[in-house]
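Pasted below: protein10.txt, compact mmCIF, C-alpha atoms.
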```
# COMPACT_ATOMS: atom_id res chain seq x y z
CA MET A 1 -1.20 13.72 17.42
CA PRO A 2 -2.08 9.99 17.43
CA SER A 3 -4.10 8.66 14.52
CA SER A 4 -7.62 7.41 15.11
CA PHE A 5 -10.31 5.56 13.20
CA THR A 6 -13.57 7.44 12.76
CA TRP A 7 -16.89 5.64 12.40
CA LEU A 8 -19.24 7.06 9.78
CA ASP A 9 -22.53 5.71 8.47
CA TYR A 10 -21.54 2.09 7.81
CA SER A 11 -23.93 -0.80 7.47
CA GLU A 12 -23.39 -3.60 9.99
CA ARG A 13 -21.48 -5.72 7.44
CA GLU A 14 -19.30 -2.77 6.43
CA ARG A 15 -18.69 -1.93 10.08
CA ARG A 16 -17.47 -5.47 10.82
CA GLN A 17 -15.35 -5.41 7.68
CA ALA A 18 -13.78 -2.13 8.73
CA GLN A 19 -13.03 -3.55 12.18
CA HIS A 20 -11.32 -6.52 10.52
CA VAL A 21 -9.09 -4.22 8.47
CA ILE A 22 -8.18 -2.28 11.60
CA SER A 23 -7.29 -5.50 13.39
CA LEU A 24 -4.69 -6.24 10.73
CA PHE A 25 -2.79 -3.11 11.73
CA ARG A 26 -2.78 -4.33 15.33
CA GLU A 27 -1.76 -7.90 14.54
CA GLN A 28 1.18 -9.43 16.36
CA ASP A 29 4.56 -8.90 14.78
CA THR A 30 4.89 -11.17 11.74
CA ARG A 31 8.54 -10.66 10.79
CA ASP A 32 10.37 -13.73 9.61
CA GLU A 33 12.76 -14.20 12.55
CA LEU A 34 13.41 -17.91 11.95
CA GLY A 35 13.83 -17.90 8.17
CA LEU A 36 10.56 -19.52 7.08
CA ALA A 37 9.59 -16.89 4.49
CA THR A 38 10.21 -19.03 1.41
CA ILE A 39 8.01 -21.84 2.72
CA ARG A 40 5.35 -19.42 3.97
CA ASP A 41 5.18 -17.51 0.68
CA THR A 42 5.12 -20.67 -1.44
CA PHE A 43 2.00 -21.84 0.36
CA ALA A 44 0.45 -18.37 0.26
CA ASP A 45 0.99 -18.16 -3.51
CA LEU A 46 -0.43 -21.65 -3.93
CA PHE A 47 -3.63 -20.88 -2.01
CA PHE A 48 -4.10 -17.17 -2.78
CA PRO A 49 -2.26 -16.25 -6.01
CA GLY A 50 -1.94 -12.54 -6.73
CA THR A 51 -2.39 -11.47 -3.11
CA SER A 52 0.04 -9.86 -0.68
CA THR A 53 -0.01 -9.02 3.01
CA ILE A 54 -0.31 -5.28 2.34
CA GLN A 55 -3.26 -5.38 -0.02
CA THR A 56 -6.38 -4.10 1.70
CA ARG A 57 -9.51 -4.03 -0.48
CA ALA A 58 -10.55 -5.66 -3.74
CA ARG A 59 -11.52 -2.48 -5.58
CA TYR A 60 -7.89 -1.39 -5.73
CA PHE A 61 -7.53 -4.13 -8.35
CA LEU A 62 -9.68 -1.81 -10.48
CA PHE A 63 -8.47 1.58 -9.24
CA VAL A 64 -4.92 0.94 -10.49
CA PRO A 65 -5.70 -0.05 -14.11
CA TRP A 66 -8.42 2.63 -14.28
CA LEU A 67 -5.89 5.24 -13.22
CA TYR A 68 -3.26 4.08 -15.67
CA ARG A 69 -5.70 3.87 -18.58
CA TRP A 70 -6.91 7.37 -17.73
CA LEU A 71 -3.33 8.66 -17.76
CA GLU A 72 -2.57 6.76 -20.96
CA GLY A 73 -5.56 8.53 -22.49
CA LYS A 74 -3.93 11.83 -21.56
CA ARG A 75 -0.67 10.65 -23.16
CA VAL A 76 1.35 11.29 -20.02
CA SER A 77 4.95 10.72 -21.05
CA SER A 78 7.40 8.15 -19.77
CA ALA A 79 9.38 10.93 -18.11
CA GLN A 80 6.35 12.24 -16.24
CA ILE A 81 4.25 9.16 -15.51
CA GLY A 82 5.99 8.13 -12.28
CA ALA A 83 5.50 11.47 -10.55
CA ARG A 84 2.01 11.91 -12.01
CA VAL A 85 0.68 8.53 -10.89
CA ARG A 86 2.05 9.09 -7.38
CA TRP A 87 0.36 12.50 -7.23
CA GLU A 88 -2.94 10.97 -8.35
CA GLU A 89 -2.67 8.10 -5.86
CA LEU A 90 -2.06 10.50 -2.99
CA ALA A 91 -5.08 12.49 -4.16
CA MET A 92 -7.10 9.25 -4.12
CA VAL A 93 -6.36 8.91 -0.40
CA GLU A 94 -7.95 12.26 0.34
CA THR A 95 -10.86 11.57 -2.01
CA LEU A 96 -11.68 8.25 -0.36
CA ILE A 97 -11.57 9.77 3.12
CA LYS A 98 -13.82 12.65 2.05
CA GLN A 99 -16.25 10.07 0.67
CA GLY A 100 -16.49 8.49 4.12
CA GLU A 101 -13.99 5.67 3.67
CA TYR A 102 -11.08 5.09 6.04
CA ALA A 103 -10.41 1.48 7.03
CA GLY A 104 -8.68 -0.20 4.12
CA VAL A 105 -7.61 3.07 2.50
CA ILE A 106 -3.95 2.72 1.62
CA GLY A 107 -2.20 5.82 2.95
CA ALA A 108 -4.98 6.88 5.33
CA VAL A 109 -2.45 7.29 8.12
CA ALA A 110 0.75 8.10 6.19
CA ARG A 111 -0.88 10.56 3.75
CA LYS A 112 1.87 12.38 1.78
CA SER A 113 4.64 10.32 3.37
CA LEU A 114 3.18 7.10 1.93
CA GLN A 115 6.00 4.83 0.76
CA ARG A 116 4.17 1.97 -0.98
CA THR A 117 1.40 3.22 -3.25
CA PRO A 118 -1.49 1.03 -4.48
CA SER A 119 0.00 0.71 -7.97
CA SER A 120 3.15 -0.90 -6.58
CA ILE A 121 1.24 -3.03 -4.06
CA TYR A 122 -1.18 -4.43 -6.63
CA TRP A 123 1.15 -4.58 -9.65
CA PHE A 124 2.06 -8.26 -9.30
CA GLY A 125 -1.51 -9.30 -8.50
CA LEU A 126 -2.85 -7.53 -11.57
CA GLY A 127 -0.52 -9.67 -13.67
CA ALA A 128 -1.37 -12.86 -11.79
CA TRP A 129 -5.09 -12.29 -12.42
CA GLY A 130 -4.57 -11.49 -16.12
CA MET A 131 -5.65 -7.86 -15.80
CA ARG A 132 -2.23 -6.39 -16.58
CA LEU A 133 -1.09 -7.46 -20.04
CA PHE A 134 2.25 -5.64 -19.97
CA GLY A 135 4.73 -8.30 -18.91
CA GLY A 136 7.40 -6.25 -17.16
CA SER A 137 7.88 -4.32 -13.95
CA GLN A 138 6.11 -1.08 -13.11
CA GLU A 139 9.29 0.87 -13.92
CA GLN A 140 9.60 -0.92 -17.30
CA TYR A 141 5.96 -0.13 -18.03
CA HIS A 142 6.56 3.56 -17.33
CA ALA A 143 9.59 3.54 -19.62
CA SER A 144 7.61 1.84 -22.40
CA LEU A 145 4.77 4.35 -22.62
CA ASP A 146 6.30 6.73 -25.18
CA ALA A 147 6.83 3.84 -27.60
CA PHE A 148 3.34 2.55 -26.80
CA TYR A 149 1.78 5.90 -27.74
CA HIS A 150 3.76 5.93 -30.98
CA ARG A 151 2.59 2.43 -31.92
CA SER A 152 -1.03 3.09 -30.96
CA ARG A 153 -1.29 6.06 -33.36
CA ALA A 154 -0.62 3.69 -36.26
CA VAL A 155 -3.18 1.07 -35.18
CA GLN A 156 -6.49 0.83 -37.02
CA ARG A 157 -9.40 0.83 -34.59
CA ALA A 158 -13.03 -0.16 -34.83
CA ASP A 159 -15.91 2.15 -33.89
CA ASP A 160 -15.69 1.00 -30.26
CA GLY A 161 -12.05 2.08 -30.08
CA GLU A 162 -10.61 -1.43 -29.82
CA PRO A 163 -7.71 -2.46 -32.11
CA ILE A 164 -8.92 -4.31 -35.21
CA ASP A 165 -8.10 -8.03 -34.93
CA GLY A 166 -6.28 -7.28 -31.70
CA VAL A 167 -3.40 -5.60 -33.54
CA GLY A 168 -1.34 -3.41 -31.22
CA GLY A 169 -3.29 -4.40 -28.09
CA GLY A 170 -3.04 -2.33 -24.96
CA ASN A 171 -1.42 -2.80 -21.59
CA TRP A 172 -4.64 -3.78 -19.80
CA HIS A 173 -7.25 -6.50 -20.21
CA THR A 174 -9.84 -5.43 -22.76
CA GLY A 175 -12.72 -6.69 -20.62
CA LEU A 176 -11.89 -4.33 -17.76
CA PRO A 177 -15.15 -2.68 -16.62
CA PRO A 178 -15.21 1.03 -17.43
CA ALA A 179 -14.32 3.41 -14.65
CA PRO A 180 -17.25 5.39 -13.23
CA ALA A 181 -17.81 8.70 -15.00
CA SER A 182 -16.78 10.49 -11.79
CA PHE A 183 -13.43 8.67 -11.54
CA PRO A 184 -11.08 9.69 -9.96
CA SER A 185 -12.85 12.66 -8.36
CA GLU A 186 -15.28 10.38 -6.48
CA LEU A 187 -14.26 7.01 -5.06
CA THR A 188 -15.69 4.37 -2.76
CA LEU A 189 -14.35 0.95 -1.78
CA PRO A 190 -17.37 -1.40 -2.14
CA LEU A 191 -17.54 -3.19 -5.49
CA HIS A 192 -20.47 -2.86 -7.86
CA ARG A 193 -21.88 -6.15 -9.07
CA VAL A 194 -20.40 -5.94 -12.57
CA GLU A 195 -17.00 -5.23 -11.03
CA ALA A 196 -17.24 -8.18 -8.64
CA GLU A 197 -18.30 -10.44 -11.52
CA TYR A 198 -15.31 -9.28 -13.52
CA LEU A 199 -12.82 -9.95 -10.70
CA ARG A 200 -14.33 -13.38 -10.12
CA GLU A 201 -14.07 -14.12 -13.84
CA ARG A 202 -10.42 -13.06 -13.91
CA ILE A 203 -9.55 -15.25 -10.93
CA MET A 204 -11.41 -18.22 -12.40
CA MET A 205 -9.73 -17.80 -15.79
CA THR A 206 -6.22 -17.59 -14.34
CA ASN A 207 -6.34 -19.51 -11.04
CA ARG A 208 -9.42 -21.70 -11.15
CA ASP A 209 -7.89 -24.61 -9.22
CA SER A 210 -6.61 -22.49 -6.36
CA LEU A 211 -8.34 -22.06 -3.01
CA LEU A 212 -8.92 -18.44 -3.99
CA GLY A 213 -10.78 -19.68 -7.07
CA PHE A 214 -13.03 -21.89 -4.97
CA LEU A 215 -13.78 -19.10 -2.50
CA VAL A 216 -14.85 -16.49 -5.07
CA ASP A 217 -16.85 -19.07 -7.04
CA ARG A 218 -18.55 -21.13 -4.35
CA GLY A 219 -17.62 -19.48 -1.08
CA LYS A 220 -19.76 -17.57 1.36
CA PRO A 221 -18.69 -14.43 3.26
CA VAL A 222 -17.10 -15.14 6.63
CA ASP A 223 -16.32 -12.87 9.53
CA LYS A 224 -12.81 -12.92 10.99
CA VAL A 225 -12.00 -16.61 10.67
CA PRO A 226 -8.42 -16.65 12.03
CA PHE A 227 -7.07 -19.42 9.77
CA VAL A 228 -8.43 -20.62 6.46
CA TRP A 229 -8.47 -24.26 7.65
CA GLU A 230 -11.13 -23.13 10.15
CA HIS A 231 -13.37 -21.89 7.32
CA PRO A 232 -16.93 -23.26 7.75
CA GLN A 233 -16.81 -24.61 4.19
CA TYR A 234 -13.50 -26.43 4.70
CA HIS A 235 -15.02 -29.83 3.93
CA GLU A 236 -16.29 -28.49 0.60
CA PHE A 237 -12.80 -27.47 -0.51
CA PRO A 238 -11.37 -29.60 -3.35
CA GLU A 239 -9.51 -32.69 -2.12
CA GLN A 240 -6.10 -31.49 -3.35
CA VAL A 241 -6.59 -28.12 -1.68
CA ARG A 242 -7.43 -29.82 1.63
CA SER A 243 -4.37 -32.05 1.32
CA ASP A 244 -2.11 -29.04 0.71
CA LEU A 245 -3.81 -27.15 3.54
CA GLU A 246 -3.10 -29.95 5.98
CA HIS A 247 0.62 -29.63 5.22
CA ALA A 248 0.40 -25.87 5.68
CA ARG A 249 -1.58 -26.22 8.90
CA CYS A 250 0.76 -28.77 10.48
CA LEU A 251 3.76 -26.63 9.61
CA SER A 252 2.08 -23.50 10.98
CA GLU A 253 1.08 -25.17 14.24
CA THR A 254 4.42 -26.87 14.79
CA MET A 255 6.68 -23.91 13.97
CA HIS A 256 4.58 -21.57 16.11
CA GLY A 257 6.16 -23.26 19.09
CA ALA A 258 9.64 -22.32 17.85
CA ALA A 259 8.55 -18.70 17.43
CA LEU A 260 7.09 -18.57 20.93
CA LEU A 261 10.18 -20.18 22.43
CA TYR A 262 12.40 -17.66 20.64
CA ASN A 263 10.47 -14.78 22.22
CA HIS A 264 10.48 -16.51 25.62
CA MET A 265 14.26 -16.81 25.41
CA LEU A 266 14.54 -13.12 24.56
CA GLY A 267 12.33 -12.22 27.50
CA LYS A 268 14.57 -14.14 29.89
CA ILE A 269 17.63 -12.04 28.95
CA ALA A 270 15.89 -8.76 28.11
CA PRO A 271 16.60 -5.64 30.18
CA GLY A 272 14.04 -3.67 32.19
CA LYS A 273 10.34 -4.05 31.55
CA LEU A 274 10.92 -6.20 28.47
CA ALA A 275 11.80 -9.04 30.83
CA GLU A 276 8.12 -9.19 31.83
CA ASN A 277 7.47 -10.85 28.46
CA ALA A 278 9.24 -14.04 29.52
CA GLU A 279 6.31 -15.17 31.64
CA LYS A 280 3.81 -14.16 28.96
CA TYR A 281 5.53 -16.42 26.45
CA ARG A 282 5.88 -19.24 28.97
CA GLU A 283 2.08 -19.15 29.29
CA ALA A 284 1.71 -18.98 25.51
CA LEU A 285 3.93 -22.05 25.16
CA ALA A 286 1.77 -23.92 27.65
CA SER A 287 -1.33 -23.05 25.62
CA TRP A 288 0.47 -24.12 22.43
CA ALA A 289 1.42 -27.44 24.03
CA ALA A 290 -2.23 -28.08 24.94
CA ASP A 291 -3.33 -27.31 21.36
CA MET A 292 -0.65 -29.59 19.95
CA LYS A 293 -1.82 -32.40 22.25
CA GLN A 294 -5.31 -32.13 20.78
CA ARG A 295 -3.85 -32.37 17.27
CA ARG A 296 -1.34 -35.09 18.13
CA SER A 297 -2.76 -37.78 15.84
CA ALA A 298 -2.81 -35.41 12.85
CA HIS A 299 0.81 -34.47 13.42
CA GLU A 300 1.85 -38.09 13.77
CA ARG A 301 0.24 -38.82 10.37
CA TRP A 302 1.93 -35.80 8.81
CA SER A 303 4.92 -36.64 6.60
CA ILE A 304 7.66 -34.02 6.56
CA ASP A 305 9.14 -35.68 3.47
CA SER A 306 5.85 -35.17 1.65
CA LEU A 307 6.00 -31.50 2.65
CA TRP A 308 9.39 -31.11 0.96
CA ASP A 309 8.11 -32.96 -2.11
CA LEU A 310 5.13 -30.61 -2.34
CA LEU A 311 7.30 -27.51 -2.05
CA ALA A 312 9.71 -28.89 -4.67
CA SER A 313 6.77 -29.43 -7.04
CA ARG A 314 6.05 -25.70 -6.64
CA HIS A 315 9.68 -24.91 -7.59
CA ALA A 316 10.40 -23.50 -4.14
CA HIS A 317 14.10 -23.24 -3.45
CA ILE A 318 14.33 -24.10 0.25
CA PRO A 319 17.88 -23.67 1.61
CA PHE A 320 19.40 -26.81 3.12
CA ASN A 321 19.78 -25.14 6.54
CA THR A 322 16.09 -24.23 6.56
CA ARG A 323 15.06 -27.79 5.77
CA ALA A 324 17.39 -29.09 8.48
CA PHE A 325 16.01 -26.67 11.07
CA VAL A 326 12.35 -27.38 10.29
CA SER A 327 12.88 -31.15 10.15
CA SER A 328 14.83 -31.12 13.44
CA TRP A 329 12.17 -29.04 15.16
CA VAL A 330 9.36 -31.29 13.93
CA MET A 331 11.18 -34.38 15.19
CA LEU A 332 11.83 -32.70 18.53
CA VAL A 333 8.19 -31.72 18.93
CA LEU A 334 6.94 -35.23 18.17
CA GLY A 335 9.40 -36.78 20.61
CA SER A 336 9.27 -34.34 23.52
CA ASP A 337 7.18 -33.51 26.55
CA LEU A 338 5.77 -30.26 25.27
CA GLU A 339 4.48 -29.24 28.69
CA HIS A 340 8.09 -28.40 29.58
CA ILE A 341 9.20 -27.08 26.19
CA ALA A 342 10.09 -23.66 27.64
CA ASP A 343 12.93 -25.30 29.60
CA ASN A 344 13.98 -27.85 26.98
CA GLU A 345 17.69 -27.22 26.41
CA ARG A 346 17.75 -29.03 23.05
CA ALA A 347 14.88 -26.90 21.79
CA GLN A 348 16.57 -23.74 23.02
CA ARG A 349 19.80 -24.75 21.32
CA LEU A 350 18.01 -25.35 18.01
CA VAL A 351 16.39 -21.91 18.14
CA ARG A 352 19.59 -20.14 19.22
CA GLU A 353 21.69 -21.78 16.51
CA ARG A 354 19.03 -20.98 13.92
CA GLU A 355 18.97 -17.28 14.75
CA ILE A 356 22.77 -17.05 14.78
CA SER A 357 23.02 -18.84 11.42
CA LEU A 358 20.59 -16.31 9.93
CA LYS A 359 21.82 -13.08 11.52
CA ARG A 360 25.37 -13.81 12.63
CA GLY A 361 26.55 -11.12 15.02
CA ARG A 362 23.22 -9.26 14.83
CA ALA A 363 21.30 -12.10 16.49
CA ARG A 364 19.33 -10.79 19.47
CA LEU A 365 20.13 -13.83 21.56
CA VAL A 366 23.85 -12.96 21.52
CA ASN A 367 23.94 -9.22 20.79
CA PRO A 368 22.80 -6.91 23.64
CA ARG A 369 22.39 -3.92 21.30
CA SER A 370 20.12 -5.90 19.00
CA LEU A 371 18.18 -7.14 22.02
CA GLU A 372 17.50 -3.54 23.07
CA LEU A 373 15.55 -3.09 19.81
CA TRP A 374 13.24 -6.01 20.58
CA SER A 375 9.63 -4.83 20.78
CA GLY A 376 8.46 -7.75 22.88
CA ALA A 377 6.96 -9.62 19.92
CA SER A 378 9.35 -10.64 17.15
CA GLY A 379 7.83 -13.03 14.65
CA SER A 380 5.52 -14.41 17.33
CA ALA A 381 2.37 -14.64 15.22
CA GLN A 382 1.37 -18.04 13.83
CA LEU A 383 1.75 -18.50 10.07
CA ASN A 384 -1.56 -17.69 8.36
CA TYR A 385 -0.40 -17.59 4.72
CA ARG A 386 -2.00 -14.17 4.00
CA TRP A 387 -5.48 -15.39 4.91
CA PRO A 388 -6.63 -12.37 7.01
CA GLY A 389 -6.16 -9.92 4.14
CA THR A 390 -7.40 -12.39 1.54
CA GLU A 391 -10.56 -12.92 3.60
CA ILE A 392 -11.37 -9.22 3.22
CA ILE A 393 -10.76 -9.24 -0.54
CA VAL A 394 -12.88 -12.37 -1.00
CA ASN A 395 -15.66 -10.87 1.13
CA ASP A 396 -15.53 -7.71 -1.01
CA ILE A 397 -16.07 -9.79 -4.14
CA LEU A 398 -18.78 -12.03 -2.66
CA THR A 399 -20.62 -9.02 -1.22
CA GLY A 400 -20.35 -7.20 -4.54
CA LEU A 401 -21.92 -10.15 -6.34
CA THR A 402 -25.11 -9.59 -4.31
CA ARG A 403 -25.37 -5.87 -4.99
CA GLU A 404 -27.84 -4.14 -7.26
CA ASP A 405 -26.02 -1.98 -9.78
CA ASP A 406 -28.49 0.88 -10.10
CA ASP A 407 -25.73 3.28 -9.04
CA ALA A 408 -22.99 1.70 -11.16
```
What does the file become when written as structure tokens?
Amino acid sequence: MPSSFTWLDYSERERRQAQHVISLFREQDTRDELGLATIRDTFADLFFPGTSTIQTRARYFLFVPWLYRWLEGKRVSSAQIGARVRWEELAMVETLIKQGEYAGVIGAVARKSLQRTPSSIYWFGLGAWGMRLFGGSQEQYHASLDAFYHRSRAVQRADDGEPIDGVGGGNWHTGLPPAPASFPSELTLPLHRVEAEYLRERIMMTNRDSLLGFLVDRGKPVDKVPFVWEHPQYHEFPEQVRSDLEHARCLSETMHGAALLYNHMLGKIAPGKLAENAEKYREALASWAADMKQRRSAHERWSIDSLWDLLASRHAHIPFNTRAFVSSWVMLVLGSDLEHIADNERAQRLVREREISLKRGRARLVNPRSLELWSGASGSAQLNYRWPGTEIIVNDILTGLTREDDDA
């Protein structure tokens, strides 16, 4: 039976937010077919530290530490914690749905077959925002709990339960807002004001100079802005952020042409109905060429050498072949008639050689069996550096900051 999204009693803002989450599931394929992941992720981490493409809603940043602190309070052992936290997270799925939530609920479709649970999805982000004090992996944290319980029994505590002078501190930030008394038997996704204030404070303390820091501190909610450089407050962004964004934007716009050409080339050799995609991507390339013409002066000012310097300053290890491919494509784009890019043999050769260098004999352009697995959209989406999901999380925080907390 196909899954479906059910509308309940949402406010207009919540309804639009839910639609945005749903749209992420329908987004064009975003696999890294041309080997740009290291560059893409370096920019995404620079702009939106602690985020990932599979995070959905901001309140999960609280659900996970609340759940672990609750289980720590029950002294769940190292041997049992992995299975117990998974059981509780699967129960959270059902609880959220019963409470009228659906869009943004991790596991709403997969249910018991869920592979990536919220605790694993948000683990890195909790560390990046200073909410997780334990410095290791989730598996290492599980293994450490027995020793943690042993140490905590010997720690002197004040009347409020906190360690005296910070001796023997816990695994989670001490300022974490308390979980609701009904947790985890009742759950909703909107943030209360005190929770939104806490998440903003954590981001500002750990990543103040990032674009994420600006957005939660001075931003206003936006509705489905496709790329962050189209944000209505773009000109208010800090100067360094705008400079970095221009690099990211030029790269995204330029390399989108390579992705579209790759799919066009697949369409031309694809069997059966898949061949119909060739014309679709030819039209998409024509639209891309028109957009690039409008941005011509910006791309002519763009320095590819400055891009590599920026990425090096972020300690990104960009393979030589990746740098060569990107630089060659950028030079080709600036020196070519883009209206005929679909038939440009040099461009096609660059893309073909790039896929073969990455995948060897599994490259779709040379392997008929691999081509049969093509869905019709392989890595065809333009680089957005995690903005669509981050937009939802930022909106959650900004909306929470306006809420009254009578029901907190």
Applying 8 Å and all atoms listed in the file, which residues near range 77-91 of chain A remain after dropping the ones on its own chain fewer than 6 positions away? List them as a short mmCIF file (atom, residue, chain, number, x, y, z; two decimals) with C-alpha atoms, in the frame of the given file.
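Listed below is the output, part.cif:
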```
data_model
loop_
_atom_site.label_atom_id
_atom_site.label_comp_id
_atom_site.auth_asym_id
_atom_site.auth_seq_id
_atom_site.Cartn_x
_atom_site.Cartn_y
_atom_site.Cartn_z
CA LEU A 67 -5.89 5.24 -13.22
CA TYR A 68 -3.26 4.08 -15.67
CA LEU A 71 -3.33 8.66 -17.76
CA GLY A 107 -2.20 5.82 2.95
CA ARG A 111 -0.88 10.56 3.75
CA LYS A 112 1.87 12.38 1.78
CA LEU A 114 3.18 7.10 1.93
CA THR A 117 1.40 3.22 -3.25
CA PRO A 118 -1.49 1.03 -4.48
CA HIS A 142 6.56 3.56 -17.33
CA ALA A 143 9.59 3.54 -19.62
CA SER A 144 7.61 1.84 -22.40
CA LEU A 145 4.77 4.35 -22.62
CA ASP A 146 6.30 6.73 -25.18
#
```
* Leaving out Glu279 in chain A and any residue of its chain fewer than 3 positions from it, which residues lie within 9 Å of it when counting all atoms listed in the file, given as a PyMOL selection string? -> chain A and resi 264+267-268+275-276+282-284
* To do: Tell me which protein, DNA and RNA residues are within 10 Å of range 301-306 of chain A, counting all atoms listed in the file, leaving out same-chain ones fewer than 5 positions away, and put them as a PyMOL selection string.
  => chain A and resi 246-247+250-251+296+311-312+323+326-327+330-331
* Asked: Taking only C-alpha atoms into account, which of A:Trp123, A:Phe48, A:Tyr262, A:Phe43 comes nearest Leu211 in chain A?
  ->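 With only C-alpha atoms as the atom set, the closest residue is A:Phe48.
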* Which of these, A:Met292, A:Gly257, A:Leu398, A:Ser120, has the shortest distance to Val351 in chain A once you count only C-alpha atoms? ->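 When distances to Val351 in chain A are compared using only C-alpha atoms, the smallest one comes from A:Gly257.
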With C-alpha atoms as the atom set, please write range 296-332 of chain A from the structure just given, as a compact mmCIF listing (two decimals), in the first residue's frame.
```txt
# COMPACT_ATOMS: atom_id res chain seq x y z
CA ARG A 296 28.03 36.20 -16.94
CA SER A 297 29.71 39.23 -15.36
CA ALA A 298 29.68 37.61 -11.90
CA HIS A 299 31.29 34.46 -13.25
CA GLU A 300 33.93 36.44 -15.11
CA ARG A 301 34.86 38.18 -11.83
CA TRP A 302 34.95 34.86 -9.98
CA SER A 303 38.46 33.56 -9.27
CA ILE A 304 38.78 29.77 -9.23
CA ASP A 305 42.16 30.12 -7.54
CA SER A 306 40.52 32.03 -4.69
CA LEU A 307 38.01 29.17 -4.40
CA TRP A 308 40.83 26.66 -3.86
CA ASP A 309 42.47 29.00 -1.35
CA LEU A 310 39.22 29.27 0.60
CA LEU A 311 38.73 25.50 0.68
CA ALA A 312 42.36 25.01 1.76
CA SER A 313 41.80 27.47 4.63
CA ARG A 314 38.97 25.18 5.76
CA HIS A 315 41.37 22.19 5.69
CA ALA A 316 39.43 20.54 2.88
CA HIS A 317 41.43 17.83 1.16
CA ILE A 318 40.37 18.19 -2.47
CA PRO A 319 41.86 15.44 -4.68
CA PHE A 320 44.00 16.68 -7.56
CA ASN A 321 41.70 15.07 -10.15
CA THR A 322 38.69 16.87 -8.67
CA ARG A 323 40.46 20.23 -8.83
CA ALA A 324 41.50 19.53 -12.41
CA PHE A 325 37.98 18.57 -13.46
CA VAL A 326 36.31 21.58 -11.83
CA SER A 327 38.92 24.02 -13.14
CA SER A 328 38.68 22.58 -16.66
CA TRP A 329 34.90 22.75 -16.64
CA VAL A 330 34.90 26.35 -15.40
CA MET A 331 37.34 27.37 -18.13
CA LEU A 332 35.25 25.57 -20.74
```
